Amino acid sequence: QVHLIESGGGLVQAGGSLRLSCESSGRAFSSYNMGWFRQSPGTEREFVAGIHRTGGSTYYADSVKGRFTISRDTAKNTVYLRMSSLKPEDTAVYYCAAETSGYYRTSSQLRHTDSYDYWGQGTQVTVSS
């Protein structure tokens with residue numbers, strides 16, 4: 001069982017920045033592919049960013065590319081999402097997810113919610129205009 005705990009959400013003005021953190025309880029964190037997703041009321045959960053288990057490859061939704069950065073600290077069992085130049089349309093609940101199979105996954109696979117085994121409870125990000 002893997003528990004993921006997100007933190008760092010809050011209210012920020014447009015143009016501002018936030019850093020989300022997601023700490024994993026899993027003992028094999030270094031073998032997990034990790035992702036960030038978000039969901040607004042009435043919409044489906046959408047991919048935001050992903051990072052390969054080695055940390056060598058990162059993937060982003062077009063809507064956040066150049067503004068968001070995903071990273072991981074294996075020593076702390078934590079994955080981060082640095083968000084800059086925030087826009088009101090970035091307002092959502094942000095979820096951290098772990099893919100724990102240990103098998104190679106393509107960037108296309110890591111963009112889909114079905115690829116992930118464990119999810120955090122979510123953290124609210126609200127961007128005011």
# chains A, B, ... in the order shown; residues from 1 in each chain; ligands from 1
>>> residues_around(residues="Gln124 of chain A", least_positions_apart="5", cutoff="10 Å", atoms="only C-alpha atoms", output="short mmCIF file (atom, residue, chain, number, x, y, z; two decimals) with C-alpha atoms, in the first residue's frame")
data_model
loop_
_atom_site.label_atom_id
_atom_site.label_comp_id
_atom_site.auth_asym_id
_atom_site.auth_seq_id
_atom_site.Cartn_x
_atom_site.Cartn_y
_atom_site.Cartn_z
CA GLU A 6 -0.10 16.47 -1.13
CA SER A 7 0.55 19.88 0.34
CA GLY A 8 1.28 23.42 -0.78
CA GLY A 9 -2.02 24.43 -2.33
CA GLY A 10 -3.71 27.73 -1.60
CA LEU A 11 -4.97 31.02 -2.95
CA ARG A 38 -5.95 18.32 -11.77
CA GLN A 39 -9.71 18.47 -11.76
CA SER A 40 -12.15 21.36 -11.78
CA THR A 91 -7.72 26.75 -10.56
CA ALA A 92 -8.46 23.13 -9.64
CA VAL A 93 -7.84 20.39 -7.15
CA TYR A 94 -4.40 19.00 -7.86
CA TYR A 95 -3.72 15.29 -7.35
#
>>> residues_around(residues="Asp73 of chain A", least_positions_apart="4", cutoff="12 Å", atoms="only C-alpha atoms", output="list of chain:residue names")
A:Ser21, A:Cys22, A:Glu23, A:Ser24, A:Phe29, A:Ser30, A:Met34, A:Ile51, A:Arg53, A:Thr54, A:Gly55, A:Asn77, A:Thr78, A:Val79, A:Tyr80, A:Leu81
>>> write_last_selection(atoms="N, CA and C atoms", output="mmCIF file, in the first residue's frame")
data_model
loop_
_atom_site.group_PDB
_atom_site.id
_atom_site.type_symbol
_atom_site.label_atom_id
_atom_site.label_comp_id
_atom_site.auth_asym_id
_atom_site.auth_seq_id
_atom_site.Cartn_x
_atom_site.Cartn_y
_atom_site.Cartn_z
ATOM 1 N N SER A 21 3.823 19.845 -3.093
ATOM 2 C CA SER A 21 4.653 18.708 -2.701
ATOM 3 C C SER A 21 3.775 17.482 -2.544
ATOM 4 N N CYS A 22 4.353 16.326 -2.797
ATOM 5 C CA CYS A 22 3.653 15.063 -2.624
ATOM 6 C C CYS A 22 4.631 14.066 -2.024
ATOM 7 N N GLU A 23 4.380 13.693 -0.791
ATOM 8 C CA GLU A 23 5.253 12.755 -0.101
ATOM 9 C C GLU A 23 4.649 11.365 -0.160
ATOM 10 N N SER A 24 5.498 10.401 -0.489
ATOM 11 C CA SER A 24 5.053 9.007 -0.624
ATOM 12 C C SER A 24 5.527 8.177 0.547
ATOM 13 N N PHE A 29 9.994 4.121 -3.613
ATOM 14 C CA PHE A 29 9.655 5.369 -4.307
ATOM 15 C C PHE A 29 10.510 5.570 -5.554
ATOM 16 N N SER A 30 11.761 5.188 -5.486
ATOM 17 C CA SER A 30 12.662 5.430 -6.615
ATOM 18 C C SER A 30 12.252 4.623 -7.851
ATOM 19 N N MET A 34 5.799 9.004 -11.442
ATOM 20 C CA MET A 34 4.905 9.890 -10.695
ATOM 21 C C MET A 34 4.244 10.899 -11.629
ATOM 22 N N ILE A 51 6.767 12.459 -14.355
ATOM 23 C CA ILE A 51 8.211 12.284 -14.272
ATOM 24 C C ILE A 51 8.514 10.802 -14.180
ATOM 25 N N ARG A 53 10.553 7.345 -13.413
ATOM 26 C CA ARG A 53 11.066 6.893 -12.134
ATOM 27 C C ARG A 53 12.525 7.274 -11.929
ATOM 28 N N THR A 54 13.291 7.398 -13.003
ATOM 29 C CA THR A 54 14.692 7.790 -12.855
ATOM 30 C C THR A 54 14.854 9.291 -12.713
ATOM 31 N N GLY A 55 13.781 10.038 -13.002
ATOM 32 C CA GLY A 55 13.868 11.488 -12.986
ATOM 33 C C GLY A 55 14.465 12.065 -14.254
ATOM 34 N N ASN A 77 11.530 10.992 -0.676
ATOM 35 C CA ASN A 77 10.326 10.317 -1.166
ATOM 36 C C ASN A 77 9.253 11.321 -1.586
ATOM 37 N N THR A 78 9.679 12.365 -2.253
ATOM 38 C CA THR A 78 8.778 13.470 -2.549
ATOM 39 C C THR A 78 8.891 13.893 -4.008
ATOM 40 N N VAL A 79 7.740 14.204 -4.589
ATOM 41 C CA VAL A 79 7.697 14.795 -5.918
ATOM 42 C C VAL A 79 7.093 16.180 -5.785
ATOM 43 N N TYR A 80 7.585 17.100 -6.593
ATOM 44 C CA TYR A 80 7.174 18.506 -6.505
ATOM 45 C C TYR A 80 6.565 18.958 -7.836
ATOM 46 N N LEU A 81 5.729 19.979 -7.731
ATOM 47 C CA LEU A 81 5.234 20.661 -8.910
ATOM 48 C C LEU A 81 5.378 22.148 -8.651
#
>>> residues_around(residues="segment 25-28 of chain A", least_positions_apart="6", cutoff="10 Å", atoms="only C-alpha atoms", output="PyMOL selection string")
chain A and resi 1-5+74+77-78+98+100+102
>>> select_by_dssp(residues="chain A", states="helix (DSSP H, G or I)", output="list in words")
Phe29, Ser30, Ser31, Thr74, Ala75, Lys76, Pro88, Glu89, Asp90, Gln109, Leu110, Arg111, Thr113, Asp114 and Ser115 of chain A
>>> residues_around(residues="Gly35 of chain A", least_positions_apart="5", cutoff="10 Å", atoms="only C-alpha atoms", output="CSV table (one decimal) with N, CA and C atoms, in the first residue's frame")
chain,number,residue,atom,x,y,z
A,22,CYS,N,4.4,16.3,-2.8
A,22,CYS,CA,3.7,15.1,-2.6
A,22,CYS,C,4.6,14.1,-2.0
A,47,PHE,N,-4.4,15.4,-17.1
A,47,PHE,CA,-2.9,15.3,-16.9
A,47,PHE,C,-2.3,16.7,-16.9
A,48,VAL,N,-1.4,16.9,-15.9
A,48,VAL,CA,-0.6,18.1,-15.8
A,48,VAL,C,0.8,17.9,-16.2
A,49,ALA,N,1.5,17.0,-15.4
A,49,ALA,CA,2.9,16.7,-15.6
A,49,ALA,C,3.2,15.3,-15.1
A,50,GLY,N,4.3,14.7,-15.6
A,50,GLY,CA,4.7,13.4,-15.2
A,50,GLY,C,6.2,13.4,-15.2
A,51,ILE,N,6.8,12.5,-14.4
A,51,ILE,CA,8.2,12.3,-14.3
A,51,ILE,C,8.5,10.8,-14.2
A,52,HIS,N,9.5,10.4,-15.0
A,52,HIS,CA,9.9,9.0,-15.0
A,52,HIS,C,10.5,8.6,-13.7
A,58,THR,N,10.7,14.1,-18.2
A,58,THR,CA,9.5,14.8,-17.7
A,58,THR,C,8.6,15.1,-18.8
A,59,TYR,N,7.3,15.1,-18.5
A,59,TYR,CA,6.3,15.3,-19.5
A,59,TYR,C,5.3,16.4,-19.0
A,60,TYR,N,4.7,17.2,-19.9
A,60,TYR,CA,3.8,18.2,-19.5
A,60,TYR,C,2.6,18.3,-20.5
A,70,ILE,N,8.0,19.8,-12.9
A,70,ILE,CA,7.9,18.7,-12.0
A,70,ILE,C,9.3,18.2,-11.7
A,79,VAL,N,7.7,14.2,-4.6
A,79,VAL,CA,7.7,14.8,-5.9
A,79,VAL,C,7.1,16.2,-5.8
A,80,TYR,N,7.6,17.1,-6.6
A,80,TYR,CA,7.2,18.5,-6.5
A,80,TYR,C,6.6,19.0,-7.8
A,81,LEU,N,5.7,20.0,-7.7
A,81,LEU,CA,5.2,20.7,-8.9
A,81,LEU,C,5.4,22.1,-8.7
A,95,TYR,N,-3.9,16.6,-7.9
A,95,TYR,CA,-3.7,15.3,-7.4
A,95,TYR,C,-2.4,14.8,-7.8
A,96,CYS,N,-1.7,14.1,-6.8
A,96,CYS,CA,-0.5,13.4,-7.1
A,96,CYS,C,-0.9,11.9,-7.3
A,97,ALA,N,-0.1,11.2,-8.2
A,97,ALA,CA,-0.4,9.9,-8.5
A,97,ALA,C,0.9,9.1,-8.7
A,98,ALA,N,0.9,7.8,-8.4
A,98,ALA,CA,2.0,6.9,-8.5
A,98,ALA,C,1.7,5.7,-9.3
A,99,GLU,N,2.6,5.4,-10.3
A,99,GLU,CA,2.5,4.2,-11.1
A,99,GLU,C,3.6,3.3,-10.6
A,110,LEU,N,1.8,7.5,-19.4
A,110,LEU,CA,1.8,8.3,-18.2
A,110,LEU,C,0.9,9.5,-18.2
A,111,ARG,N,0.3,9.8,-19.3
A,111,ARG,CA,-0.6,10.9,-19.4
A,111,ARG,C,-2.0,10.5,-19.1
A,112,HIS,N,-2.3,9.2,-18.8
A,112,HIS,CA,-3.6,8.7,-18.6
A,112,HIS,C,-3.8,8.3,-17.2
A,113,THR,N,-5.0,8.6,-16.6
A,113,THR,CA,-5.2,8.3,-15.2
A,113,THR,C,-5.2,6.8,-15.0
A,115,SER,N,-3.2,4.6,-15.9
A,115,SER,CA,-1.9,4.0,-15.7
A,115,SER,C,-1.5,4.1,-14.2
A,116,TYR,N,-2.1,4.8,-13.4
A,116,TYR,CA,-1.7,5.0,-12.0
A,116,TYR,C,-2.4,4.2,-11.0
A,119,TRP,N,-3.4,7.3,-5.6
A,119,TRP,CA,-3.7,8.7,-5.7
A,119,TRP,C,-3.7,9.3,-4.3
>>> select_by_dssp(residues="segment 3-127 of chain A", states="strand (DSSP E or B)", output="NGL selection string")
:A and (4-7 or 10-13 or 18-24 or 33-39 or 46-51 or 58-60 or 68-73 or 78-83 or 92-99 or 118-119 or 123-127)
>>> atom_distance(atom1="atom CA of Tyr103 of chain A", atom2="atom CA of Phe68 of chain A")
26.2 Å
>>> atom_distance(atom1="atom CA of Thr106 of chain A", atom2="atom CA of Thr123 of chain A")
26.6 Å
>>> atom_distance(atom1="atom CA of Leu86 of chain A", atom2="atom CA of Gly15 of chain A")
4.8 Å
>>> decode(residues="segment 46-94 of chain A", atoms="N, CA and C atoms", output="PDB file, in the first residue's frame")
ATOM      1  N   GLU A  46      -7.526  15.772 -15.450  1.00  0.00           N
ATOM      2  CA  GLU A  46      -6.648  15.919 -16.594  1.00  0.00           C
ATOM      3  C   GLU A  46      -5.180  15.874 -16.190  1.00  0.00           C
ATOM      4  N   PHE A  47      -4.367  15.369 -17.092  1.00  0.00           N
ATOM      5  CA  PHE A  47      -2.934  15.281 -16.882  1.00  0.00           C
ATOM      6  C   PHE A  47      -2.316  16.674 -16.852  1.00  0.00           C
ATOM      7  N   VAL A  48      -1.375  16.860 -15.938  1.00  0.00           N
ATOM      8  CA  VAL A  48      -0.643  18.120 -15.846  1.00  0.00           C
ATOM      9  C   VAL A  48       0.836  17.880 -16.153  1.00  0.00           C
ATOM     10  N   ALA A  49       1.450  16.952 -15.409  1.00  0.00           N
ATOM     11  CA  ALA A  49       2.882  16.699 -15.572  1.00  0.00           C
ATOM     12  C   ALA A  49       3.224  15.309 -15.068  1.00  0.00           C
ATOM     13  N   GLY A  50       4.272  14.724 -15.631  1.00  0.00           N
ATOM     14  CA  GLY A  50       4.726  13.411 -15.195  1.00  0.00           C
ATOM     15  C   GLY A  50       6.236  13.356 -15.177  1.00  0.00           C
ATOM     16  N   ILE A  51       6.767  12.459 -14.355  1.00  0.00           N
ATOM     17  CA  ILE A  51       8.211  12.284 -14.272  1.00  0.00           C
ATOM     18  C   ILE A  51       8.514  10.802 -14.180  1.00  0.00           C
ATOM     19  N   HIS A  52       9.467  10.393 -14.999  1.00  0.00           N
ATOM     20  CA  HIS A  52       9.873   9.003 -15.037  1.00  0.00           C
ATOM     21  C   HIS A  52      10.544   8.631 -13.714  1.00  0.00           C
ATOM     22  N   ARG A  53      10.553   7.345 -13.413  1.00  0.00           N
ATOM     23  CA  ARG A  53      11.066   6.893 -12.134  1.00  0.00           C
ATOM     24  C   ARG A  53      12.525   7.274 -11.929  1.00  0.00           C
ATOM     25  N   THR A  54      13.291   7.398 -13.003  1.00  0.00           N
ATOM     26  CA  THR A  54      14.692   7.790 -12.855  1.00  0.00           C
ATOM     27  C   THR A  54      14.854   9.291 -12.713  1.00  0.00           C
ATOM     28  N   GLY A  55      13.781  10.038 -13.002  1.00  0.00           N
ATOM     29  CA  GLY A  55      13.868  11.488 -12.986  1.00  0.00           C
ATOM     30  C   GLY A  55      14.465  12.065 -14.254  1.00  0.00           C
ATOM     31  N   GLY A  56      14.840  11.187 -15.186  1.00  0.00           N
ATOM     32  CA  GLY A  56      15.511  11.643 -16.387  1.00  0.00           C
ATOM     33  C   GLY A  56      14.581  12.196 -17.443  1.00  0.00           C
ATOM     34  N   SER A  57      13.297  11.860 -17.363  1.00  0.00           N
ATOM     35  CA  SER A  57      12.346  12.330 -18.362  1.00  0.00           C
ATOM     36  C   SER A  57      11.147  12.955 -17.672  1.00  0.00           C
ATOM     37  N   THR A  58      10.721  14.089 -18.190  1.00  0.00           N
ATOM     38  CA  THR A  58       9.544  14.763 -17.672  1.00  0.00           C
ATOM     39  C   THR A  58       8.586  15.060 -18.826  1.00  0.00           C
ATOM     40  N   TYR A  59       7.304  15.144 -18.507  1.00  0.00           N
ATOM     41  CA  TYR A  59       6.284  15.342 -19.526  1.00  0.00           C
ATOM     42  C   TYR A  59       5.277  16.362 -19.006  1.00  0.00           C
ATOM     43  N   TYR A  60       4.738  17.175 -19.906  1.00  0.00           N
ATOM     44  CA  TYR A  60       3.828  18.242 -19.506  1.00  0.00           C
ATOM     45  C   TYR A  60       2.649  18.334 -20.468  1.00  0.00           C
ATOM     46  N   ALA A  61       1.525  18.741 -19.928  1.00  0.00           N
ATOM     47  CA  ALA A  61       0.410  19.132 -20.776  1.00  0.00           C
ATOM     48  C   ALA A  61       0.779  20.420 -21.492  1.00  0.00           C
ATOM     49  N   ASP A  62       0.270  20.583 -22.679  1.00  0.00           N
ATOM     50  CA  ASP A  62       0.586  21.794 -23.450  1.00  0.00           C
ATOM     51  C   ASP A  62       0.169  23.051 -22.704  1.00  0.00           C
ATOM     52  N   SER A  63      -0.894  22.974 -21.927  1.00  0.00           N
ATOM     53  CA  SER A  63      -1.434  24.146 -21.237  1.00  0.00           C
ATOM     54  C   SER A  63      -0.520  24.661 -20.126  1.00  0.00           C
ATOM     55  N   VAL A  64       0.421  23.830 -19.671  1.00  0.00           N
ATOM     56  CA  VAL A  64       1.284  24.252 -18.567  1.00  0.00           C
ATOM     57  C   VAL A  64       2.759  24.279 -18.958  1.00  0.00           C
ATOM     58  N   LYS A  65       3.078  23.826 -20.149  1.00  0.00           N
ATOM     59  CA  LYS A  65       4.468  23.745 -20.584  1.00  0.00           C
ATOM     60  C   LYS A  65       5.103  25.127 -20.550  1.00  0.00           C
ATOM     61  N   GLY A  66       6.283  25.191 -19.955  1.00  0.00           N
ATOM     62  CA  GLY A  66       6.985  26.462 -19.827  1.00  0.00           C
ATOM     63  C   GLY A  66       6.640  27.235 -18.568  1.00  0.00           C
ATOM     64  N   ARG A  67       5.586  26.830 -17.884  1.00  0.00           N
ATOM     65  CA  ARG A  67       5.179  27.506 -16.635  1.00  0.00           C
ATOM     66  C   ARG A  67       5.321  26.594 -15.422  1.00  0.00           C
ATOM     67  N   PHE A  68       5.128  25.315 -15.613  1.00  0.00           N
ATOM     68  CA  PHE A  68       5.189  24.342 -14.511  1.00  0.00           C
ATOM     69  C   PHE A  68       6.430  23.477 -14.662  1.00  0.00           C
ATOM     70  N   THR A  69       6.981  23.052 -13.518  1.00  0.00           N
ATOM     71  CA  THR A  69       8.132  22.167 -13.516  1.00  0.00           C
ATOM     72  C   THR A  69       7.916  21.052 -12.499  1.00  0.00           C
ATOM     73  N   ILE A  70       8.040  19.808 -12.945  1.00  0.00           N
ATOM     74  CA  ILE A  70       7.936  18.666 -12.047  1.00  0.00           C
ATOM     75  C   ILE A  70       9.342  18.175 -11.729  1.00  0.00           C
ATOM     76  N   SER A  71       9.532  17.781 -10.474  1.00  0.00           N
ATOM     77  CA  SER A  71      10.828  17.269 -10.059  1.00  0.00           C
ATOM     78  C   SER A  71      10.606  16.272  -8.923  1.00  0.00           C
ATOM     79  N   ARG A  72      11.662  15.536  -8.586  1.00  0.00           N
ATOM     80  CA  ARG A  72      11.537  14.574  -7.490  1.00  0.00           C
ATOM     81  C   ARG A  72      12.799  14.540  -6.666  1.00  0.00           C
ATOM     82  N   ASP A  73      12.640  14.247  -5.386  1.00  0.00           N
ATOM     83  CA  ASP A  73      13.756  14.095  -4.464  1.00  0.00           C
ATOM     84  C   ASP A  73      13.619  12.699  -3.864  1.00  0.00           C
ATOM     85  N   THR A  74      14.433  11.777  -4.344  1.00  0.00           N
ATOM     86  CA  THR A  74      14.315  10.389  -3.907  1.00  0.00           C
ATOM     87  C   THR A  74      14.637  10.237  -2.427  1.00  0.00           C
ATOM     88  N   ALA A  75      15.574  11.021  -1.945  1.00  0.00           N
ATOM     89  CA  ALA A  75      15.959  10.932  -0.533  1.00  0.00           C
ATOM     90  C   ALA A  75      14.807  11.309   0.392  1.00  0.00           C
ATOM     91  N   LYS A  76      13.904  12.157  -0.109  1.00  0.00           N
ATOM     92  CA  LYS A  76      12.761  12.596   0.698  1.00  0.00           C
ATOM     93  C   LYS A  76      11.465  11.910   0.287  1.00  0.00           C
ATOM     94  N   ASN A  77      11.530  10.992  -0.676  1.00  0.00           N
ATOM     95  CA  ASN A  77      10.326  10.317  -1.166  1.00  0.00           C
ATOM     96  C   ASN A  77       9.253  11.321  -1.586  1.00  0.00           C
ATOM     97  N   THR A  78       9.679  12.365  -2.253  1.00  0.00           N
ATOM     98  CA  THR A  78       8.778  13.470  -2.549  1.00  0.00           C
ATOM     99  C   THR A  78       8.891  13.893  -4.008  1.00  0.00           C
ATOM    100  N   VAL A  79       7.740  14.204  -4.589  1.00  0.00           N
ATOM    101  CA  VAL A  79       7.697  14.795  -5.918  1.00  0.00           C
ATOM    102  C   VAL A  79       7.093  16.180  -5.785  1.00  0.00           C
ATOM    103  N   TYR A  80       7.585  17.100  -6.593  1.00  0.00           N
ATOM    104  CA  TYR A  80       7.174  18.506  -6.505  1.00  0.00           C
ATOM    105  C   TYR A  80       6.565  18.958  -7.836  1.00  0.00           C
ATOM    106  N   LEU A  81       5.729  19.979  -7.731  1.00  0.00           N
ATOM    107  CA  LEU A  81       5.234  20.661  -8.910  1.00  0.00           C
ATOM    108  C   LEU A  81       5.378  22.148  -8.651  1.00  0.00           C
ATOM    109  N   ARG A  82       6.343  22.743  -9.329  1.00  0.00           N
ATOM    110  CA  ARG A  82       6.546  24.184  -9.222  1.00  0.00           C
ATOM    111  C   ARG A  82       5.674  24.840 -10.289  1.00  0.00           C
ATOM    112  N   MET A  83       4.799  25.741  -9.862  1.00  0.00           N
ATOM    113  CA  MET A  83       3.860  26.393 -10.778  1.00  0.00           C
ATOM    114  C   MET A  83       4.136  27.884 -10.782  1.00  0.00           C
ATOM    115  N   SER A  84       4.389  28.436 -11.952  1.00  0.00           N
ATOM    116  CA  SER A  84       4.662  29.859 -12.086  1.00  0.00           C
ATOM    117  C   SER A  84       3.721  30.470 -13.112  1.00  0.00           C
ATOM    118  N   SER A  85       3.674  31.791 -13.129  1.00  0.00           N
ATOM    119  CA  SER A  85       2.799  32.503 -14.071  1.00  0.00           C
ATOM    120  C   SER A  85       1.392  31.917 -14.051  1.00  0.00           C
ATOM    121  N   LEU A  86       0.874  31.743 -12.867  1.00  0.00           N
ATOM    122  CA  LEU A  86      -0.426  31.086 -12.724  1.00  0.00           C
ATOM    123  C   LEU A  86      -1.549  31.919 -13.314  1.00  0.00           C
ATOM    124  N   LYS A  87      -2.524  31.205 -13.860  1.00  0.00           N
ATOM    125  CA  LYS A  87      -3.677  31.823 -14.502  1.00  0.00           C
ATOM    126  C   LYS A  87      -4.950  31.361 -13.784  1.00  0.00           C
ATOM    127  N   PRO A  88      -6.022  32.131 -13.866  1.00  0.00           N
ATOM    128  CA  PRO A  88      -7.278  31.690 -13.242  1.00  0.00           C
ATOM    129  C   PRO A  88      -7.720  30.310 -13.734  1.00  0.00           C
ATOM    130  N   GLU A  89      -7.421  29.977 -14.966  1.00  0.00           N
ATOM    131  CA  GLU A  89      -7.824  28.666 -15.496  1.00  0.00           C
ATOM    132  C   GLU A  89      -7.015  27.508 -14.914  1.00  0.00           C
ATOM    133  N   ASP A  90      -5.977  27.813 -14.134  1.00  0.00           N
ATOM    134  CA  ASP A  90      -5.237  26.768 -13.432  1.00  0.00           C
ATOM    135  C   ASP A  90      -5.932  26.362 -12.128  1.00  0.00           C
ATOM    136  N   THR A  91      -6.984  27.072 -11.774  1.00  0.00           N
ATOM    137  CA  THR A  91      -7.725  26.753 -10.559  1.00  0.00           C
ATOM    138  C   THR A  91      -8.308  25.349 -10.642  1.00  0.00           C
ATOM    139  N   ALA A  92      -8.005  24.529  -9.639  1.00  0.00           N
ATOM    140  CA  ALA A  92      -8.455  23.133  -9.639  1.00  0.00           C
ATOM    141  C   ALA A  92      -7.978  22.468  -8.362  1.00  0.00           C
ATOM    142  N   VAL A  93      -8.455  21.253  -8.149  1.00  0.00           N
ATOM    143  CA  VAL A  93      -7.844  20.391  -7.145  1.00  0.00           C
ATOM    144  C   VAL A  93      -6.740  19.612  -7.856  1.00  0.00           C
ATOM    145  N   TYR A  94      -5.553  19.660  -7.271  1.00  0.00           N
ATOM    146  CA  TYR A  94      -4.396  18.998  -7.864  1.00  0.00           C
ATOM    147  C   TYR A  94      -4.119  17.690  -7.123  1.00  0.00           C
TER     148      TYR A  94
END
